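Novice: Structure: target16.pdb, PDB, C-alpha atoms, pLDDT in the B column.
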```pdb
ATOM      1  CA  MET A   1       0.000   0.000   0.000  1.00 39.00           C
ATOM      2  CA  THR A   2       1.261   3.447  -0.819  1.00 41.00           C
ATOM      3  CA  SER A   3       1.658   6.072   1.826  1.00 41.00           C
ATOM      4  CA  ALA A   4      -0.473   9.179   1.485  1.00 38.00           C
ATOM      5  CA  LEU A   5       2.457  11.224   2.788  1.00 38.00           C
ATOM      6  CA  SER A   6       4.665  10.305  -0.191  1.00 60.00           C
ATOM      7  CA  TYR A   7       2.737  12.470  -2.632  1.00 67.00           C
ATOM      8  CA  PRO A   8       1.571  16.055  -2.642  1.00 75.00           C
ATOM      9  CA  ALA A   9      -1.801  16.531  -1.006  1.00 78.00           C
ATOM     10  CA  ILE A  10      -4.881  16.877  -3.148  1.00 90.00           C
ATOM     11  CA  THR A  11      -6.809  20.006  -2.143  1.00 91.00           C
ATOM     12  CA  LEU A  12     -10.489  19.770  -3.029  1.00 93.00           C
ATOM     13  CA  VAL A  13     -12.253  23.150  -3.104  1.00 93.00           C
ATOM     14  CA  SER A  14     -16.030  22.893  -3.219  1.00 93.00           C
ATOM     15  CA  GLY A  15     -19.082  24.037  -1.299  1.00 91.00           C
ATOM     16  CA  ASP A  16     -20.903  20.873  -2.409  1.00 93.00           C
ATOM     17  CA  ILE A  17     -20.722  18.585   0.635  1.00 92.00           C
ATOM     18  CA  GLY A  18     -21.797  15.519  -1.369  1.00 92.00           C
ATOM     19  CA  LEU A  19     -19.051  16.054  -3.933  1.00 92.00           C
ATOM     20  CA  THR A  20     -16.337  16.647  -1.341  1.00 91.00           C
ATOM     21  CA  GLU A  21     -17.299  13.574   0.676  1.00 92.00           C
ATOM     22  CA  THR A  22     -17.507  11.313  -2.363  1.00 92.00           C
ATOM     23  CA  ILE A  23     -14.284  12.472  -4.021  1.00 93.00           C
ATOM     24  CA  GLY A  24     -12.466  12.798  -0.692  1.00 91.00           C
ATOM     25  CA  ASP A  25     -13.366   9.231   0.259  1.00 92.00           C
ATOM     26  CA  ARG A  26     -12.227   7.925  -3.134  1.00 92.00           C
ATOM     27  CA  LEU A  27      -8.914   9.783  -2.981  1.00 91.00           C
ATOM     28  CA  ARG A  28      -8.220   8.429   0.502  1.00 90.00           C
ATOM     29  CA  GLU A  29      -9.039   4.906  -0.736  1.00 90.00           C
ATOM     30  CA  TRP A  30      -6.364   5.452  -3.381  1.00 86.00           C
ATOM     31  CA  GLY A  31      -3.868   6.355  -0.660  1.00 84.00           C
ATOM     32  CA  LEU A  32      -3.754  10.088  -1.349  1.00 87.00           C
ATOM     33  CA  ALA A  33      -3.704  12.770   1.326  1.00 86.00           C
ATOM     34  CA  THR A  34      -6.721  14.999   0.922  1.00 89.00           C
ATOM     35  CA  ARG A  35      -7.606  18.410   2.245  1.00 89.00           C
ATOM     36  CA  LEU A  36     -11.153  19.707   1.887  1.00 89.00           C
ATOM     37  CA  VAL A  37     -11.790  23.450   1.600  1.00 89.00           C
ATOM     38  CA  GLU A  38     -15.345  24.697   1.228  1.00 88.00           C
ATOM     39  CA  ASN A  39     -14.612  28.054  -0.408  1.00 85.00           C
ATOM     40  CA  VAL A  40     -11.804  29.338  -2.622  1.00 85.00           C
ATOM     41  CA  ALA A  41     -11.603  32.484  -0.463  1.00 81.00           C
ATOM     42  CA  LEU A  42     -10.225  30.271   2.343  1.00 80.00           C
ATOM     43  CA  LEU A  43      -7.152  29.406   0.277  1.00 75.00           C
ATOM     44  CA  THR A  44      -4.151  31.615   0.822  1.00 63.00           C
ATOM     45  CA  THR A  45      -2.239  32.397  -2.323  1.00 52.00           C
ATOM     46  CA  GLY A  46       1.156  33.205  -0.919  1.00 51.00           C
ATOM     47  CA  GLN A  47       2.035  31.102   2.087  1.00 51.00           C
ATOM     48  CA  ASP A  48       0.317  27.718   1.666  1.00 59.00           C
ATOM     49  CA  GLU A  49       3.080  25.340   0.511  1.00 59.00           C
ATOM     50  CA  GLY A  50       0.630  22.406   0.295  1.00 59.00           C
ATOM     51  CA  VAL A  51      -1.476  24.215  -2.258  1.00 67.00           C
ATOM     52  CA  LEU A  52       1.436  25.689  -4.189  1.00 64.00           C
ATOM     53  CA  THR A  53       3.220  22.372  -4.688  1.00 69.00           C
ATOM     54  CA  GLY A  54       0.231  20.067  -4.981  1.00 84.00           C
ATOM     55  CA  VAL A  55      -2.900  19.364  -6.955  1.00 91.00           C
ATOM     56  CA  VAL A  56      -6.075  21.428  -6.529  1.00 92.00           C
ATOM     57  CA  ILE A  57      -9.470  20.132  -7.634  1.00 94.00           C
ATOM     58  CA  LEU A  58     -11.491  23.335  -8.022  1.00 95.00           C
ATOM     59  CA  ASP A  59     -15.291  23.186  -8.265  1.00 95.00           C
ATOM     60  CA  ILE A  60     -16.462  26.062 -10.483  1.00 95.00           C
ATOM     61  CA  ARG A  61     -20.085  24.984 -10.889  1.00 95.00           C
ATOM     62  CA  ARG A  62     -21.696  27.443  -8.479  1.00 89.00           C
ATOM     63  CA  GLU A  63     -19.554  30.577  -8.346  1.00 86.00           C
ATOM     64  CA  ALA A  64     -17.002  30.490 -11.124  1.00 93.00           C
ATOM     65  CA  ALA A  65     -15.779  34.110 -10.968  1.00 93.00           C
ATOM     66  CA  PRO A  66     -13.960  33.984  -7.575  1.00 92.00           C
ATOM     67  CA  SER A  67     -12.441  30.604  -8.412  1.00 92.00           C
ATOM     68  CA  LEU A  68     -11.189  31.762 -11.801  1.00 93.00           C
ATOM     69  CA  ARG A  69      -9.738  34.955 -10.269  1.00 91.00           C
ATOM     70  CA  TRP A  70      -7.865  32.784  -7.745  1.00 89.00           C
ATOM     71  CA  LEU A  71      -6.651  30.519 -10.550  1.00 90.00           C
ATOM     72  CA  LYS A  72      -5.319  33.470 -12.560  1.00 89.00           C
ATOM     73  CA  GLU A  73      -3.545  34.871  -9.500  1.00 87.00           C
ATOM     74  CA  ILE A  74      -2.003  31.542  -8.464  1.00 84.00           C
ATOM     75  CA  ARG A  75      -0.701  30.911 -12.004  1.00 81.00           C
ATOM     76  CA  SER A  76       1.517  33.974 -11.735  1.00 78.00           C
ATOM     77  CA  ARG A  77       3.349  32.471  -8.753  1.00 74.00           C
ATOM     78  CA  GLN A  78       6.096  29.866  -8.811  1.00 69.00           C
ATOM     79  CA  PRO A  79       5.661  27.096  -8.030  1.00 71.00           C
ATOM     80  CA  ALA A  80       2.027  26.843  -9.069  1.00 79.00           C
ATOM     81  CA  PRO A  81      -0.247  23.900  -8.362  1.00 86.00           C
ATOM     82  CA  GLU A  82      -1.790  21.689 -10.989  1.00 90.00           C
ATOM     83  CA  VAL A  83      -5.455  22.744 -11.016  1.00 93.00           C
ATOM     84  CA  ILE A  84      -8.246  20.459 -12.165  1.00 95.00           C
ATOM     85  CA  LEU A  85     -11.636  22.084 -12.680  1.00 96.00           C
ATOM     86  CA  VAL A  86     -14.975  20.476 -11.830  1.00 97.00           C
ATOM     87  CA  ASN A  87     -17.784  21.855 -13.968  1.00 96.00           C
ATOM     88  CA  ASN A  88     -21.166  21.080 -15.454  1.00 95.00           C
ATOM     89  CA  PRO A  89     -20.991  19.755 -19.016  1.00 93.00           C
ATOM     90  CA  ASN A  90     -23.205  22.544 -20.415  1.00 93.00           C
ATOM     91  CA  ARG A  91     -20.940  25.433 -19.289  1.00 93.00           C
ATOM     92  CA  LEU A  92     -18.511  25.586 -22.207  1.00 91.00           C
ATOM     93  CA  THR A  93     -17.700  29.293 -21.829  1.00 93.00           C
ATOM     94  CA  THR A  94     -16.695  28.814 -18.193  1.00 94.00           C
ATOM     95  CA  SER A  95     -14.632  25.754 -19.142  1.00 92.00           C
ATOM     96  CA  LEU A  96     -12.739  27.687 -21.792  1.00 94.00           C
ATOM     97  CA  GLU A  97     -12.139  30.596 -19.428  1.00 94.00           C
ATOM     98  CA  GLY A  98     -10.782  28.180 -16.800  1.00 93.00           C
ATOM     99  CA  MET A  99      -8.428  26.525 -19.258  1.00 93.00           C
ATOM    100  CA  ARG A 100      -7.189  29.934 -20.456  1.00 92.00           C
ATOM    101  CA  ALA A 101      -6.606  30.889 -16.814  1.00 91.00           C
ATOM    102  CA  GLY A 102      -4.238  27.943 -16.471  1.00 89.00           C
ATOM    103  CA  ALA A 103      -6.192  24.860 -15.418  1.00 93.00           C
ATOM    104  CA  ALA A 104      -4.478  21.598 -16.337  1.00 92.00           C
ATOM    105  CA  ALA A 105      -7.703  19.669 -16.952  1.00 94.00           C
ATOM    106  CA  GLU A 106     -11.424  19.555 -16.337  1.00 96.00           C
ATOM    107  CA  LEU A 107     -13.811  16.953 -14.971  1.00 96.00           C
ATOM    108  CA  THR A 108     -17.537  17.225 -15.585  1.00 95.00           C
ATOM    109  CA  VAL A 109     -20.267  15.999 -13.277  1.00 94.00           C
ATOM    110  CA  PRO A 110     -21.226  13.297 -12.915  1.00 94.00           C
ATOM    111  CA  ILE A 111     -17.542  12.445 -12.591  1.00 93.00           C
ATOM    112  CA  ASP A 112     -16.298   9.308 -14.307  1.00 93.00           C
ATOM    113  CA  LEU A 113     -13.875   7.613 -11.880  1.00 91.00           C
ATOM    114  CA  GLY A 114     -11.662   6.290 -14.670  1.00 90.00           C
ATOM    115  CA  GLU A 115     -11.313   9.773 -16.107  1.00 93.00           C
ATOM    116  CA  MET A 116     -10.636  11.178 -12.642  1.00 94.00           C
ATOM    117  CA  ARG A 117      -7.832   8.627 -12.178  1.00 88.00           C
ATOM    118  CA  ARG A 118      -6.304   9.510 -15.534  1.00 90.00           C
ATOM    119  CA  VAL A 119      -6.456  13.259 -14.886  1.00 93.00           C
ATOM    120  CA  LEU A 120      -5.061  12.911 -11.348  1.00 91.00           C
ATOM    121  CA  MET A 121      -2.258  10.658 -12.555  1.00 86.00           C
ATOM    122  CA  SER A 122      -1.274  13.237 -15.138  1.00 87.00           C
ATOM    123  CA  ALA A 123      -1.329  16.025 -12.533  1.00 89.00           C
ATOM    124  CA  LEU A 124       0.652  13.964 -10.014  1.00 86.00           C
ATOM    125  CA  THR A 125       3.173  13.074 -12.713  1.00 83.00           C
ATOM    126  CA  THR A 126       3.655  16.759 -13.516  1.00 85.00           C
ATOM    127  CA  ILE A 127       4.019  17.733  -9.856  1.00 82.00           C
ATOM    128  CA  THR A 128       6.319  14.815  -9.084  1.00 76.00           C
ATOM    129  CA  GLY A 129       8.449  15.714 -12.115  1.00 74.00           C
ATOM    130  CA  ARG A 130       8.693  19.283 -10.915  1.00 73.00           C
ATOM    131  CA  LEU A 131       9.699  18.136  -7.428  1.00 65.00           C
ATOM    132  CA  GLY A 132      12.165  15.637  -8.938  1.00 62.00           C
ATOM    133  CA  ARG A 133      13.915  18.356 -10.903  1.00 60.00           C
ATOM    134  CA  LYS A 134      14.326  20.330  -7.690  1.00 56.00           C
ATOM    135  CA  ARG A 135      15.926  17.330  -5.993  1.00 53.00           C
ATOM    136  CA  GLY A 136      18.299  16.690  -8.919  1.00 52.00           C
ATOM    137  CA  ARG A 137      17.125  13.190  -9.825  1.00 52.00           C
ATOM    138  CA  ASN A 138      18.417  11.400 -12.878  1.00 55.00           C
ATOM    139  CA  PHE A 139      15.973  12.565 -15.537  1.00 55.00           C
ATOM    140  CA  SER A 140      16.277   9.444 -17.682  1.00 57.00           C
ATOM    141  CA  GLN A 141      15.434   7.113 -14.791  1.00 63.00           C
ATOM    142  CA  PHE A 142      12.639   9.379 -13.617  1.00 66.00           C
ATOM    143  CA  PHE A 143      11.161   9.518 -17.132  1.00 67.00           C
ATOM    144  CA  ARG A 144      11.177   5.712 -17.512  1.00 67.00           C
ATOM    145  CA  GLN A 145       9.465   5.213 -14.165  1.00 74.00           C
ATOM    146  CA  THR A 146       6.937   7.944 -14.874  1.00 76.00           C
ATOM    147  CA  MET A 147       6.042   6.384 -18.231  1.00 75.00           C
ATOM    148  CA  ALA A 148       5.581   3.018 -16.515  1.00 76.00           C
ATOM    149  CA  ALA A 149       3.351   4.710 -13.941  1.00 80.00           C
ATOM    150  CA  ILE A 150       1.223   6.235 -16.692  1.00 82.00           C
ATOM    151  CA  THR A 151       0.837   2.841 -18.355  1.00 79.00           C
ATOM    152  CA  TYR A 152      -0.375   1.266 -15.111  1.00 80.00           C
ATOM    153  CA  ALA A 153      -2.684   4.198 -14.405  1.00 81.00           C
ATOM    154  CA  GLN A 154      -4.298   3.893 -17.833  1.00 81.00           C
ATOM    155  CA  ALA A 155      -4.886   0.204 -17.109  1.00 79.00           C
ATOM    156  CA  GLY A 156      -6.649   1.138 -13.873  1.00 82.00           C
ATOM    157  CA  GLU A 157      -3.810  -0.012 -11.606  1.00 80.00           C
ATOM    158  CA  PHE A 158      -3.609   3.280  -9.714  1.00 81.00           C
ATOM    159  CA  GLU A 159      -1.771   1.976  -6.651  1.00 80.00           C
ATOM    160  CA  THR A 160       0.883   0.295  -8.787  1.00 78.00           C
ATOM    161  CA  ALA A 161       1.273   3.527 -10.752  1.00 78.00           C
ATOM    162  CA  LEU A 162       1.752   5.470  -7.529  1.00 80.00           C
ATOM    163  CA  ASP A 163       4.343   2.901  -6.411  1.00 75.00           C
ATOM    164  CA  PHE A 164       6.366   3.694  -9.538  1.00 71.00           C
ATOM    165  CA  LEU A 165       6.219   7.409  -8.761  1.00 71.00           C
ATOM    166  CA  GLU A 166       7.139   6.828  -5.126  1.00 69.00           C
ATOM    167  CA  ASP A 167      10.197   4.817  -6.144  1.00 58.00           C
ATOM    168  CA  SER A 168      11.402   7.152  -8.895  1.00 49.00           C
ATOM    169  CA  GLY A 169      14.955   8.080  -8.175  1.00 44.00           C
ATOM    170  CA  LYS A 170      15.575   5.399  -5.546  1.00 48.00           C
ATOM    171  CA  GLN A 171      15.823   1.628  -5.300  1.00 43.00           C
ATOM    172  CA  THR A 172      13.867  -0.135  -2.568  1.00 43.00           C
ATOM    173  CA  GLY A 173      14.453  -3.798  -3.264  1.00 43.00           C
ATOM    174  CA  LYS A 174      10.784  -4.298  -4.165  1.00 42.00           C
ATOM    175  CA  SER A 175      10.313  -6.394  -7.248  1.00 43.00           C
ATOM    176  CA  ARG A 176       8.646  -4.517 -10.065  1.00 43.00           C
ATOM    177  CA  PRO A 177       5.480  -5.804 -11.703  1.00 45.00           C
ATOM    178  CA  ARG A 178       6.205  -7.019 -15.216  1.00 42.00           C
ATOM    179  CA  GLY A 179       3.975  -5.968 -18.100  1.00 42.00           C
ATOM    180  CA  ASN A 180       3.064  -8.193 -21.017  1.00 39.00           C
ATOM    181  CA  ARG A 181       5.462  -7.792 -23.908  1.00 31.00           C
TER     182      ARG A 181
END
```
Will you turn the file into structure tokens for me?
Specialist:
Amino acid sequence: MTSALSYPAITLVSGDIGLTETIGDRLREWGLATRLVENVALLTTGQDEGVLTGVVILDIRREAAPSLRWLKEIRSRQPAPEVILVNNPNRLTTSLEGMRAGAAAELTVPIDLGEMRRVLMSALTTITGRLGRKRGRNFSQFFRQTMAAITYAQAGEFETALDFLEDSGKQTGKSRPRGNR
């Protein structure tokens, strides 16, 4: 089992209690640390290291304007989090505005769990790569392990994918799963 402390926390920003409970429970089942915030105004833009170096799932279904303002402001800072929007499928204009503001991806409700896994894996890969560059890891080794993680994530083996990311840059003696060739 992967440790939730090995990866950046996932910050879920939504006033929808049902959404936060459902997604929060699923993320914890996947071994990811989760922080729930009910309003984007409660996020600090300058001091919160967990938000700045992690993944933010930002619900823009109810009040998009404050969330998109926050997204534009946070994008100007370095490091910036990977932001995944949650939106209704019929709000194309808001989706486009969010992507222009710097969101990495969007999920629409009802949320498909397979799509959520894929999007989160991509965001975690980006964040982990950014953190790896700061630590001076061997890029070639990191790239190979990240690509293996993506392959497992696409096959629905999320925990195995996270194991690859956890082990990138170090050897633990664990035997690696072998794919079909």
Novice: May I have the protein, DNA and RNA residues with an atom at most 12 Å from (-11.4, 12.5, 0.1), counting only C-alpha atoms in the file's coordinates, returned as a list of chain:residue names?
Specialist: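 Residues lying no farther than 12 Å from the given point: A:Ala4, A:Ala9, A:Ile10, A:Thr11, A:Leu12, A:Val13, A:Ser14, A:Ile17, A:Gly18, A:Leu19, A:Thr20, A:Glu21, A:Thr22, A:Ile23, A:Gly24, A:Asp25, A:Arg26, A:Leu27, A:Arg28, A:Glu29, A:Trp30, A:Gly31, A:Leu32, A:Ala33, A:Thr34, A:Arg35, A:Leu36, A:Val37, A:Ile57.
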Novice: Restricting the output to C-alpha atoms, write the selected residues as a short mmCIF file (atom, residue, chain, number, x, y, z; two decimals), keeping the file's coordinate frame.
Specialist:
```cif
data_model
loop_
_atom_site.label_atom_id
_atom_site.label_comp_id
_atom_site.auth_asym_id
_atom_site.auth_seq_id
_atom_site.Cartn_x
_atom_site.Cartn_y
_atom_site.Cartn_z
CA ALA A 4 -0.47 9.18 1.48
CA ALA A 9 -1.80 16.53 -1.01
CA ILE A 10 -4.88 16.88 -3.15
CA THR A 11 -6.81 20.01 -2.14
CA LEU A 12 -10.49 19.77 -3.03
CA VAL A 13 -12.25 23.15 -3.10
CA SER A 14 -16.03 22.89 -3.22
CA ILE A 17 -20.72 18.58 0.64
CA GLY A 18 -21.80 15.52 -1.37
CA LEU A 19 -19.05 16.05 -3.93
CA THR A 20 -16.34 16.65 -1.34
CA GLU A 21 -17.30 13.57 0.68
CA THR A 22 -17.51 11.31 -2.36
CA ILE A 23 -14.28 12.47 -4.02
CA GLY A 24 -12.47 12.80 -0.69
CA ASP A 25 -13.37 9.23 0.26
CA ARG A 26 -12.23 7.92 -3.13
CA LEU A 27 -8.91 9.78 -2.98
CA ARG A 28 -8.22 8.43 0.50
CA GLU A 29 -9.04 4.91 -0.74
CA TRP A 30 -6.36 5.45 -3.38
CA GLY A 31 -3.87 6.36 -0.66
CA LEU A 32 -3.75 10.09 -1.35
CA ALA A 33 -3.70 12.77 1.33
CA THR A 34 -6.72 15.00 0.92
CA ARG A 35 -7.61 18.41 2.24
CA LEU A 36 -11.15 19.71 1.89
CA VAL A 37 -11.79 23.45 1.60
CA ILE A 57 -9.47 20.13 -7.63
#
```
Novice: Since I can't run it myself right now, could you work out what the PyMOL selection byres ((chain A and resi 111) around 10) selects here and report it as a list of chain:residue names?
Specialist: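 Here the PyMOL selection byres ((chain A and resi 111) around 10) matches A:Leu19, A:Ile23, A:Val86, A:Asn87, A:Asn88, A:Leu107, A:Thr108, A:Val109, A:Pro110, A:Asp112, A:Leu113, A:Gly114, A:Glu115, A:Met116.
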Novice: Report as a list in words the full result of the PyMOL selection byres ((chain A and resi 103) around 10) when it is applied to this structure.
Specialist: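 Applying the expression gives Val56, Ile57, Leu58, Leu68, Leu71, Lys72, Arg75, Pro81, Glu82, Val83, Ile84, Leu85, Ser95, Leu96, Glu97, Gly98, Met99, Arg100, Ala101, Gly102, Ala104, Ala105 and Glu106 of chain A.
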Novice: Take the PyMOL selection byres ((chain A and resi 62) around 10), run it mentally on this structure, and tell me the resulting residues as number ranges by chain.
Specialist: A: 14-16, 59-61, 63-65, 67, 87-88
Novice: For a test of reading the model, state the distance in Å between CA of Arg117 in chain A and CA of Asn39 in chain A, rounded to one decimal.
Specialist: 23.7 Å
Novice: How far is it from CA of Thr94 in chain A to CA of Gly129 in chain A, in Å with one decimal?
Specialist: 29.0 Å
